[in-house]
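Structure data (mmCIF, C-alpha atoms and all ligand atoms) from protein.cif:
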```cif
data_query
loop_
_atom_site.label_atom_id
_atom_site.label_comp_id
_atom_site.auth_asym_id
_atom_site.auth_seq_id
_atom_site.Cartn_x
_atom_site.Cartn_y
_atom_site.Cartn_z
CA MET A 675 22.23 91.95 36.63
CA GLY A 676 19.90 92.38 39.58
CA TYR A 677 20.60 88.90 40.79
CA PHE A 678 24.34 89.42 40.51
CA ILE A 679 24.04 92.57 42.60
CA LEU A 680 22.12 90.72 45.24
CA MET A 681 24.77 88.03 45.33
CA LEU A 682 27.47 90.66 45.49
CA ASP A 683 25.76 92.47 48.36
CA GLN A 684 25.40 89.28 50.28
CA SER A 685 28.98 88.19 49.64
CA ILE A 686 30.28 91.55 50.84
CA ARG A 687 28.21 91.35 54.00
CA GLU A 688 29.37 87.79 54.59
CA LEU A 689 32.95 88.79 54.09
CA GLU A 690 32.46 91.69 56.49
CA SER A 691 30.79 89.65 59.25
CA GLY A 692 33.20 86.76 58.76
CA SER A 693 36.14 89.13 59.09
CA LEU A 694 34.71 90.74 62.20
CA ALA A 695 34.23 87.31 63.78
CA ARG A 696 37.82 86.34 63.01
CA ILE A 697 39.10 89.63 64.38
CA ALA A 698 37.12 89.19 67.58
CA ALA A 699 38.50 85.68 67.98
CA ALA A 700 42.13 86.61 67.17
CA GLU A 701 44.46 86.08 70.12
CA SER A 702 47.64 87.55 68.70
CA LEU A 703 48.94 90.37 66.55
CA GLU A 704 50.04 87.76 64.01
CA ALA A 705 46.48 86.44 63.71
CA LEU A 706 45.21 90.02 63.16
CA GLU A 707 47.84 90.64 60.53
CA ALA A 708 46.77 87.46 58.70
CA VAL A 709 43.17 88.73 58.57
CA ARG A 710 44.35 92.14 57.35
CA VAL A 711 46.39 90.63 54.51
CA GLU A 712 43.63 88.27 53.45
CA VAL A 713 40.83 90.88 53.52
CA LEU A 714 42.39 94.29 52.99
CA GLY A 715 45.70 93.44 51.35
CA ARG A 716 46.60 93.78 47.72
CA LYS A 717 44.95 90.84 45.96
CA GLY A 718 42.89 90.40 49.13
CA ALA A 719 39.19 89.51 49.21
CA LEU A 720 37.94 93.12 49.05
CA ASP A 721 40.27 93.80 46.16
CA GLN A 722 38.65 90.94 44.25
CA PHE A 723 35.26 92.58 44.72
CA PHE A 724 36.56 95.98 43.58
CA LYS A 725 37.84 94.32 40.42
CA GLN A 726 34.37 92.97 39.64
CA MET A 727 32.80 96.43 39.83
CA GLY A 728 33.71 97.19 36.22
CA ARG A 729 31.03 94.78 35.23
CA LEU A 730 28.26 96.77 36.94
CA ALA A 731 26.01 99.47 35.55
CA PRO A 732 27.19 102.96 36.67
CA GLU A 733 24.43 103.60 39.25
CA GLU A 734 24.88 100.16 40.74
CA ARG A 735 28.60 100.55 40.69
CA ALA A 736 28.23 103.59 42.95
CA ARG A 737 26.06 101.69 45.38
CA ALA A 738 28.32 98.64 45.42
CA GLY A 739 31.34 100.95 45.81
CA LYS A 740 29.75 102.49 48.86
CA LEU A 741 29.04 99.08 50.28
CA LEU A 742 32.61 97.92 49.68
CA ASN A 743 34.13 101.06 51.15
CA GLY A 744 31.83 100.68 54.14
CA ALA A 745 32.99 97.09 54.63
CA LYS A 746 36.60 98.15 54.27
CA GLN A 747 36.14 100.86 56.89
CA THR A 748 34.40 98.52 59.30
CA VAL A 749 37.09 95.88 59.02
CA GLU A 750 39.90 98.45 59.37
CA THR A 751 38.27 99.95 62.46
CA ALA A 752 37.73 96.52 64.00
CA LEU A 753 41.38 95.67 63.38
CA GLU A 754 42.53 98.89 65.03
CA THR A 755 40.25 98.41 68.00
CA ARG A 756 41.43 94.85 68.56
CA LYS A 757 45.05 95.93 68.27
CA ARG A 758 44.46 98.59 70.91
CA GLN A 759 42.88 95.97 73.15
CA PHE A 760 46.03 93.88 72.85
CA ALA A 761 48.22 96.85 73.74
CA GLU A 762 46.06 97.67 76.74
CA ALA A 763 46.07 94.07 77.95
CA ALA A 764 49.87 94.01 77.69
CA LEU A 765 50.08 97.27 79.63
CA HIS A 766 47.80 95.97 82.37
CA ALA A 767 49.79 92.79 82.64
CA ARG A 768 52.92 94.89 83.06
CA LEU A 769 51.32 97.15 85.66
CA ASP A 770 50.20 94.07 87.57
CA ARG A 771 53.73 92.78 87.52
CA GLU A 772 55.34 96.05 88.50
CA TRP A 773 52.77 97.20 90.96
CA VAL A 774 54.24 98.70 94.11
CA ASP A 775 52.43 99.57 97.29
CA LEU A 776 53.81 102.97 98.13
CA THR A 777 52.12 102.93 101.52
CA LEU A 778 54.22 99.98 102.73
CA PRO A 779 56.94 100.92 105.24
CA SER A 780 60.39 100.94 103.60
CA PRO A 781 62.85 98.16 104.46
CA GLY A 782 65.30 100.88 105.54
CA PRO A 783 68.95 101.31 104.56
CA ARG A 784 71.22 98.28 104.80
CA ARG A 785 73.37 98.44 107.91
CA GLY A 786 77.12 98.13 107.65
CA HIS A 787 79.39 97.29 110.53
CA PHE A 788 82.86 98.04 111.79
CA HIS A 789 85.94 96.13 110.72
CA PRO A 790 87.10 93.86 113.58
CA ILE A 791 90.24 95.97 114.07
CA THR A 792 88.25 99.20 114.19
CA ARG A 793 85.95 97.63 116.73
CA ILE A 794 88.69 96.55 119.12
CA GLN A 795 90.38 99.92 118.66
CA GLY A 796 87.15 101.70 119.60
CA GLU A 797 86.64 99.52 122.67
CA LEU A 798 90.20 100.14 123.87
CA GLU A 799 89.84 103.88 123.28
CA ASP A 800 86.63 103.94 125.35
CA LEU A 801 88.25 101.90 128.11
CA PHE A 802 91.36 104.08 128.37
CA VAL A 803 89.44 107.32 128.04
CA SER A 804 87.36 106.14 131.02
CA MET A 805 90.67 105.81 132.90
CA GLY A 806 91.78 109.35 132.12
CA PHE A 807 93.77 108.77 128.92
CA THR A 808 93.79 111.11 125.92
CA VAL A 809 93.62 109.58 122.43
CA LEU A 810 96.29 110.98 120.11
CA ASP A 811 96.86 110.60 116.40
CA GLY A 812 100.35 110.64 114.92
CA PRO A 813 101.60 110.79 111.32
CA GLU A 814 102.29 107.59 109.39
CA VAL A 815 105.23 109.27 107.66
CA GLU A 816 107.66 109.95 110.48
CA THR A 817 111.05 111.54 110.98
CA GLU A 818 114.00 109.41 111.92
CA ARG A 819 114.19 111.38 115.14
CA HIS A 820 110.68 110.50 116.32
CA ASN A 821 110.77 106.88 115.17
CA PHE A 822 114.30 106.09 116.44
CA ASP A 823 116.56 108.79 117.94
CA ALA A 824 114.20 110.20 120.56
CA LEU A 825 113.29 106.65 121.57
CA ASN A 826 116.85 106.00 122.68
CA ILE A 827 117.66 103.93 119.62
CA PRO A 828 121.12 105.20 118.63
CA ARG A 829 122.13 105.48 115.01
CA ASP A 830 124.33 102.41 114.89
CA HIS A 831 122.29 100.39 117.35
CA PRO A 832 121.28 96.86 116.30
CA ALA A 833 117.73 97.61 117.43
CA ARG A 834 117.24 99.52 114.17
CA ASP A 835 117.72 96.28 112.31
CA MET A 836 115.01 94.62 114.41
CA GLN A 837 112.48 96.61 112.50
CA ASP A 838 112.98 96.55 108.79
CA THR A 839 112.14 100.04 107.80
CA PHE A 840 110.58 101.46 104.67
CA TRP A 841 112.77 104.51 104.06
CA LEU A 842 111.44 107.41 102.01
CA ASP A 843 113.38 109.88 99.87
CA GLY A 844 114.66 112.73 102.00
CA GLY A 845 115.36 110.66 105.12
CA ASN A 846 111.81 110.24 106.41
CA LEU A 847 110.27 106.82 106.87
CA LEU A 848 107.01 104.96 107.33
CA ARG A 849 106.76 104.55 111.09
CA THR A 850 107.67 101.05 112.19
CA HIS A 851 105.70 101.31 115.42
CA THR A 852 103.35 103.72 117.21
CA SER A 853 106.04 104.59 119.77
CA PRO A 854 106.98 107.87 118.02
CA VAL A 855 103.61 109.18 119.23
CA GLN A 856 105.02 108.87 122.77
CA VAL A 857 107.49 111.60 121.84
CA ARG A 858 104.83 113.76 120.19
CA GLY A 859 102.54 113.19 123.19
CA MET A 860 105.16 114.27 125.72
CA GLU A 861 105.93 117.39 123.66
CA ARG A 862 102.29 118.26 123.30
CA LEU A 863 100.77 117.35 126.66
CA GLY A 864 103.66 117.73 129.14
CA PRO A 865 103.66 115.87 132.47
CA PRO A 866 101.64 114.39 134.05
CA LEU A 867 100.03 112.65 131.10
CA ARG A 868 98.11 109.58 130.04
CA MET A 869 97.86 108.99 126.34
CA LEU A 870 96.72 106.33 123.92
CA ALA A 871 97.77 106.28 120.25
CA PRO A 872 96.25 103.76 117.86
CA GLY A 873 97.43 103.60 114.28
CA ARG A 874 98.86 101.92 111.24
CA VAL A 875 102.51 100.89 111.15
CA PHE A 876 104.72 99.49 108.41
CA ARG A 877 107.56 97.03 108.23
CA ASN A 878 109.50 95.76 105.30
CA GLU A 879 108.69 92.12 105.92
CA SER A 880 107.70 89.28 103.68
CA VAL A 881 104.05 88.44 104.11
CA ASP A 882 102.88 85.13 105.57
CA ALA A 883 100.09 83.86 107.86
CA CYS A 884 101.37 85.96 110.78
CA HIS A 885 103.30 88.83 109.15
CA GLU A 886 102.04 91.78 107.17
CA HIS A 887 103.99 94.79 105.94
CA THR A 888 101.11 96.95 107.18
CA PHE A 889 99.37 96.37 110.48
CA TYR A 890 97.86 98.15 113.48
CA GLN A 891 99.24 98.92 116.89
CA ILE A 892 98.03 100.78 119.91
CA GLU A 893 100.51 102.68 122.04
CA GLY A 894 99.91 103.72 125.61
CA MET A 895 101.92 105.93 127.92
CA MET A 896 101.48 107.26 131.39
CA VAL A 897 103.86 109.77 132.95
CA ASP A 898 103.45 110.83 136.55
CA ARG A 899 105.29 110.81 139.86
CA GLU A 900 106.32 107.39 141.20
CA VAL A 901 104.83 105.21 138.51
CA SER A 902 105.79 101.58 139.08
CA VAL A 903 105.70 98.21 137.34
CA ALA A 904 102.68 97.40 139.51
CA HIS A 905 100.75 100.22 137.81
CA LEU A 906 101.79 98.92 134.44
CA ILE A 907 100.65 95.39 135.23
CA TYR A 908 97.34 96.65 136.58
CA PHE A 909 96.58 98.50 133.35
CA MET A 910 97.66 95.58 131.18
CA LYS A 911 95.43 93.17 133.07
CA THR A 912 92.49 95.54 132.92
CA MET A 913 92.99 95.94 129.21
CA LEU A 914 93.24 92.23 128.40
CA ALA A 915 90.22 91.39 130.54
CA ALA A 916 88.22 94.02 128.62
CA VAL A 917 89.30 92.73 125.22
CA PHE A 918 88.83 89.03 125.79
CA LYS A 919 85.98 89.12 128.30
CA ARG A 920 87.31 85.91 129.83
CA ASP A 921 90.35 84.64 131.63
CA VAL A 922 93.34 84.44 129.37
CA ALA A 923 96.61 82.94 130.52
CA VAL A 924 99.43 85.48 130.22
CA ARG A 925 103.13 85.37 130.90
CA LEU A 926 105.56 88.21 131.40
CA ARG A 927 109.13 87.86 130.18
CA PRO A 928 111.99 90.28 130.30
CA GLY A 929 112.02 92.02 126.94
CA TYR A 930 114.46 94.34 125.33
CA PHE A 931 113.30 97.65 123.91
CA PRO A 932 115.74 100.58 124.09
CA PHE A 933 112.95 102.99 125.11
CA VAL A 934 112.01 101.15 128.31
CA GLU A 935 113.96 99.96 131.35
CA PRO A 936 113.06 97.48 132.66
CA GLY A 937 111.32 96.12 129.58
CA PHE A 938 108.90 93.23 129.28
CA GLU A 939 107.17 91.18 126.72
CA LEU A 940 103.72 90.00 127.54
CA ASP A 941 102.54 86.83 125.84
CA ILE A 942 99.07 85.39 125.95
CA GLN A 943 98.20 81.78 125.53
CA CYS A 944 97.26 81.19 121.91
CA LEU A 945 93.49 81.31 121.59
CA ILE A 946 93.51 79.87 118.10
CA CYS A 947 94.77 76.48 119.23
CA GLY A 948 94.25 76.81 122.99
CA GLY A 949 97.97 76.45 123.57
CA SER A 950 98.57 73.16 121.79
CA GLY A 951 100.50 74.72 118.90
CA CYS A 952 99.49 76.09 115.49
CA PRO A 953 100.97 78.26 112.70
CA VAL A 954 99.85 81.50 114.40
CA CYS A 955 101.81 80.78 117.60
CA LYS A 956 104.53 79.06 115.62
CA GLN A 957 103.73 75.84 117.49
CA SER A 958 104.77 77.38 120.82
CA GLY A 959 101.30 77.76 122.36
CA TRP A 960 102.05 81.41 123.21
CA VAL A 961 101.65 84.59 121.21
CA GLU A 962 103.64 87.76 121.75
CA GLN A 963 100.96 90.28 122.47
CA LEU A 964 102.66 93.41 123.65
CA GLY A 965 105.87 95.10 124.65
CA CYS A 966 105.98 97.31 127.71
CA GLY A 967 108.13 98.69 130.47
CA LEU A 968 109.07 101.76 132.44
CA VAL A 969 109.96 104.70 130.23
CA HIS A 970 113.72 105.11 129.80
CA PRO A 971 115.04 108.40 131.27
CA ASN A 972 116.57 109.29 127.89
CA VAL A 973 113.12 109.10 126.30
CA LEU A 974 111.59 111.40 128.92
CA ARG A 975 114.46 113.80 128.37
CA ALA A 976 113.98 113.71 124.59
CA GLY A 977 110.33 114.56 125.20
CA GLY A 978 111.28 117.58 127.32
CA ILE A 979 110.41 115.94 130.63
CA ASP A 980 112.77 115.88 133.64
CA PRO A 981 113.40 112.21 134.61
CA GLU A 982 114.47 113.28 138.12
CA GLU A 983 110.93 114.45 138.79
CA TRP A 984 108.78 112.22 136.57
CA ASN A 985 108.67 108.68 135.44
CA GLY A 986 106.18 106.48 133.62
CA PHE A 987 105.28 103.34 131.79
CA ALA A 988 104.64 102.67 128.13
CA PHE A 989 103.24 99.79 126.16
CA GLY A 990 102.78 98.91 122.53
CA LEU A 991 100.28 96.39 121.38
CA GLY A 992 99.66 94.59 118.12
CA LEU A 993 96.05 95.44 117.43
CA THR A 994 95.99 93.17 114.40
CA ARG A 995 97.19 90.21 116.39
CA LEU A 996 94.75 91.04 119.15
CA ALA A 997 91.88 90.92 116.65
CA MET A 998 93.14 87.56 115.38
CA MET A 999 93.20 86.17 118.92
CA ARG A 1000 89.83 87.52 119.85
CA TYR A 1001 88.00 86.33 116.76
CA GLY A 1002 90.03 83.20 116.12
CA ILE A 1003 91.40 84.37 112.76
CA ASP A 1004 94.25 82.11 111.72
CA ASP A 1005 95.68 84.13 108.86
CA ILE A 1006 96.63 87.81 109.13
CA ARG A 1007 96.14 88.29 105.38
CA HIS A 1008 92.36 87.97 105.76
CA LEU A 1009 92.16 91.19 107.77
CA GLN A 1010 93.20 93.57 105.02
CA GLY A 1011 92.24 91.31 102.13
CA GLY A 1012 88.94 93.09 101.53
CA ASP A 1013 87.05 89.84 100.94
CA LEU A 1014 83.42 90.43 101.93
CA ARG A 1015 82.86 86.74 102.61
CA PHE A 1016 85.37 87.15 105.43
CA LEU A 1017 84.29 90.60 106.64
CA GLU A 1018 80.57 89.86 106.77
CA GLN A 1019 81.15 87.28 109.50
CA PHE A 1020 81.77 89.97 112.09
N1 LIG A 1101 107.27 99.72 119.94
C1 LIG A 1101 107.41 98.35 120.35
C2 LIG A 1101 107.15 97.44 119.14
O1 LIG A 1101 106.81 97.91 118.11
C3 LIG A 1101 106.43 97.98 121.43
C4 LIG A 1101 106.67 98.71 122.72
C5 LIG A 1101 106.03 99.89 122.97
C6 LIG A 1101 107.52 98.16 123.68
C7 LIG A 1101 106.22 100.54 124.17
C8 LIG A 1101 107.71 98.81 124.87
C9 LIG A 1101 107.09 99.98 125.12
O2 LIG A 1101 107.29 96.25 119.20
#
```
With the file now loaded, output its structure as structure tokens.
Amino acid sequence: MGYFILMLDQSIRELESGSLARIAAAESLEALEAVRVEVLGRKGALDQFFKQMGRLAPEERARAGKLLNGAKQTVETALETRKRQFAEAALHARLDREWVDLTLPSPGPRRGHFHPITRIQGELEDLFVSMGFTVLDGPEVETERHNFDALNIPRDHPARDMQDTFWLDGGNLLRTHTSPVQVRGMERLGPPLRMLAPGRVFRNESVDACHEHTFYQIEGMMVDREVSVAHLIYFMKTMLAAVFKRDVAVRLRPGYFPFVEPGFELDIQCLICGGSGCPVCKQSGWVEQLGCGLVHPNVLRAGGIDPEEWNGFAFGLGLTRLAMMRYGIDDIRHLQGGDLRFLEQF
């Protein structure tokens, strides 16, 4: 019996030290689990020893039991410790990966920028404000009176058909141009006045590379004593020089607008194609840029201003088309398309 006990003691110690060595060498949770099953599991190595204890004398059984329980404890503890080491190593690896230096300066918020139309609008506002103009805002939903009647466009006049109107229930409409702000400006400011009115306008048109149902205009009006076409031309030249920052060929043609007399259309040489012809200028080399003229006496009268004492000029400008010319945009649909690949170029 004594010899058997000695063998048993030694086997238990060997099992214990062997297990500890395997645990120390294990590189994964799976390897640890394999050791646990083999040593501590049901039908595992320790279990085999426990089964042999029945063959021992009672006092030796107690001693061997102690030894076995001690080995079991030691192996369990070693397993737990190694597992914790794995968890800690994983945590450290993660901290290394996610480490952030909070003392570094921040990259700062990402900067946006203005839409090309907004930018030109802002530049024109600054320019005209510097020349004594007031910037006015008018409603996009207008009355028939402001959009047509007060601008000397009679009810049955063909000029109404020139601008295909979006009519609203109740007789109001989406303004077809910024000219109604002339009327509101005269009513509000009285003579003498210089006003600028940028804004969105709407026309019931089919959309193509140069037509949109919604686009931007800028309206200008100056009312004073003895305003002449020379004043008008001076302001138009100043404006175009500011927008294009280079010499642009322009041509002035007689133009018909019921609210001005005489009326003109100012074209600029197409900057998309340089005048050789493209879809934007409809192959003509020239692009209609603005309408202008001396304010018709009926319009002054409708605005509560005496045309015997005052006169003035007015102009209306396609801001959208101006942006296209300045930035070389060949399709109007890009401007309101909301495509960031387009917008981020400006
Ligand atoms: N309102 C005109 C248009 O929409 C432009 C214009 C404004 C013409 C002022 C003359 C004077 O085309």
Would you mind listing, for every residue of chain A within 10 Å of ligand LIG 1101 (chain A), the two atoms forming the shortest contact and the distance between them in Å to one decimal, using all atoms listed in the file, sorted by chain and ascending residue number, as a tab-separated table?
```
residue	atom	partner	partner_atom	distance
A:Asn821	CA	A:LIG1101	N1	9.3
A:Leu825	CA	A:LIG1101	N1	9.3
A:Met836	CA	A:LIG1101	O2	9.2
A:Gln837	CA	A:LIG1101	O1	8.1
A:Arg849	CA	A:LIG1101	O1	9.7
A:Thr850	CA	A:LIG1101	O1	6.8
A:His851	CA	A:LIG1101	O1	4.5
A:Thr852	CA	A:LIG1101	N1	6.2
A:Ser853	CA	A:LIG1101	N1	5.0
A:Pro854	CA	A:LIG1101	N1	8.4
A:Gln856	CA	A:LIG1101	C7	8.5
A:Val875	CA	A:LIG1101	O1	8.7
A:Arg877	CA	A:LIG1101	O1	9.9
A:Gln891	CA	A:LIG1101	O1	7.7
A:Ile892	CA	A:LIG1101	C5	8.6
A:Glu893	CA	A:LIG1101	C5	6.3
A:Gly894	CA	A:LIG1101	C7	7.2
A:Met895	CA	A:LIG1101	C7	7.8
A:Gly929	CA	A:LIG1101	C6	8.3
A:Tyr930	CA	A:LIG1101	C6	8.1
A:Phe931	CA	A:LIG1101	C8	5.8
A:Pro932	CA	A:LIG1101	C8	8.3
A:Phe933	CA	A:LIG1101	C9	6.6
A:Val934	CA	A:LIG1101	C9	6.0
A:Glu935	CA	A:LIG1101	C8	9.1
A:Pro936	CA	A:LIG1101	C8	9.5
A:Gly937	CA	A:LIG1101	C8	6.5
A:Phe938	CA	A:LIG1101	C8	7.2
A:Glu939	CA	A:LIG1101	C6	7.6
A:Leu940	CA	A:LIG1101	C6	9.8
A:Glu962	CA	A:LIG1101	O2	9.6
A:Gln963	CA	A:LIG1101	O2	9.3
A:Leu964	CA	A:LIG1101	C3	6.3
A:Gly965	CA	A:LIG1101	C6	3.6
A:Cys966	CA	A:LIG1101	C8	3.6
A:Gly967	CA	A:LIG1101	C9	5.6
A:Leu968	CA	A:LIG1101	C9	7.8
A:Val969	CA	A:LIG1101	C9	7.5
A:His970	CA	A:LIG1101	C9	9.6
A:Phe987	CA	A:LIG1101	C9	7.7
A:Ala988	CA	A:LIG1101	C9	4.7
A:Phe989	CA	A:LIG1101	C7	3.7
A:Gly990	CA	A:LIG1101	C5	3.4
A:Leu991	CA	A:LIG1101	C3	6.4
A:Gly992	CA	A:LIG1101	O2	7.9
```
Hey, can you pull every residue with an atom no more than 12 Å from (112.4, 90.1, 104.9), using only C-alpha atoms, and send it as a count of residues only?
15
Tell me which protein, DNA and RNA residues are within 10 Å of Ile794 in chain A, counting only C-alpha atoms, leaving out same-chain ones fewer than 2 positions away, and put them as a PyMOL selection string.
chain A and resi 788-792+796-800+916-917+993-994+996-997+1000
So which one's closest to Gly692 in chain A, A:Asp921, A:Glu712, A:Glu733, A:Glu707? Using all atoms listed in the file, please.
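Of the candidates, the smallest distance to Gly692 in chain A is held by A:Glu712.
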Excluding range 815-817 of chain A and any residue of its chain fewer than 3 positions from it, enumerate the residues within 9 Å of it, using only C-alpha atoms, and give them as a list in words.
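Near range 815-817 of chain A, the qualifying residues are Gly812, His820, Asn821, Phe822, Leu842, Gly845, Asn846, Leu847, Leu848, Arg849 and Pro854 of chain A.
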By how many Å are CA of Gly873 in chain A and CA of Val803 in chain A apart?
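Between CA of Gly873 in chain A and CA of Val803 in chain A the gap works out to 16.3 Å.
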So that I can see what lies close to Met999 in chain A, please list as a PDB file with C-alpha atoms, keeping the file's coordinate frame the residues with an atom at most 12 Å from it, counting all atoms listed in the file and leaving out residues fewer than 4 positions away in the same chain.
```pdb
ATOM      1  CA  PRO A 790      87.100  93.860 113.580  1.00  0.00           C
ATOM      2  CA  ILE A 791      90.240  95.970 114.070  1.00  0.00           C
ATOM      3  CA  ILE A 794      88.690  96.550 119.120  1.00  0.00           C
ATOM      4  CA  CYS A 884     101.370  85.960 110.780  1.00  0.00           C
ATOM      5  CA  LEU A 914      93.240  92.230 128.400  1.00  0.00           C
ATOM      6  CA  VAL A 917      89.300  92.730 125.220  1.00  0.00           C
ATOM      7  CA  PHE A 918      88.830  89.030 125.790  1.00  0.00           C
ATOM      8  CA  VAL A 922      93.340  84.440 129.370  1.00  0.00           C
ATOM      9  CA  ASP A 941     102.540  86.830 125.840  1.00  0.00           C
ATOM     10  CA  ILE A 942      99.070  85.390 125.950  1.00  0.00           C
ATOM     11  CA  GLN A 943      98.200  81.780 125.530  1.00  0.00           C
ATOM     12  CA  CYS A 944      97.260  81.190 121.910  1.00  0.00           C
ATOM     13  CA  LEU A 945      93.490  81.310 121.590  1.00  0.00           C
ATOM     14  CA  ILE A 946      93.510  79.870 118.100  1.00  0.00           C
ATOM     15  CA  CYS A 947      94.770  76.480 119.230  1.00  0.00           C
ATOM     16  CA  GLY A 948      94.250  76.810 122.990  1.00  0.00           C
ATOM     17  CA  GLY A 949      97.970  76.450 123.570  1.00  0.00           C
ATOM     18  CA  VAL A 954      99.850  81.500 114.400  1.00  0.00           C
ATOM     19  CA  CYS A 955     101.810  80.780 117.600  1.00  0.00           C
ATOM     20  CA  TRP A 960     102.050  81.410 123.210  1.00  0.00           C
ATOM     21  CA  VAL A 961     101.650  84.590 121.210  1.00  0.00           C
ATOM     22  CA  GLU A 962     103.640  87.760 121.750  1.00  0.00           C
ATOM     23  CA  GLN A 963     100.960  90.280 122.470  1.00  0.00           C
ATOM     24  CA  GLY A 992      99.660  94.590 118.120  1.00  0.00           C
ATOM     25  CA  LEU A 993      96.050  95.440 117.430  1.00  0.00           C
ATOM     26  CA  THR A 994      95.990  93.170 114.400  1.00  0.00           C
ATOM     27  CA  ARG A 995      97.190  90.210 116.390  1.00  0.00           C
ATOM     28  CA  ILE A1003      91.400  84.370 112.760  1.00  0.00           C
ATOM     29  CA  ASP A1004      94.250  82.110 111.720  1.00  0.00           C
ATOM     30  CA  ASP A1005      95.680  84.130 108.860  1.00  0.00           C
ATOM     31  CA  ILE A1006      96.630  87.810 109.130  1.00  0.00           C
TER      32      ILE A1006
END
```
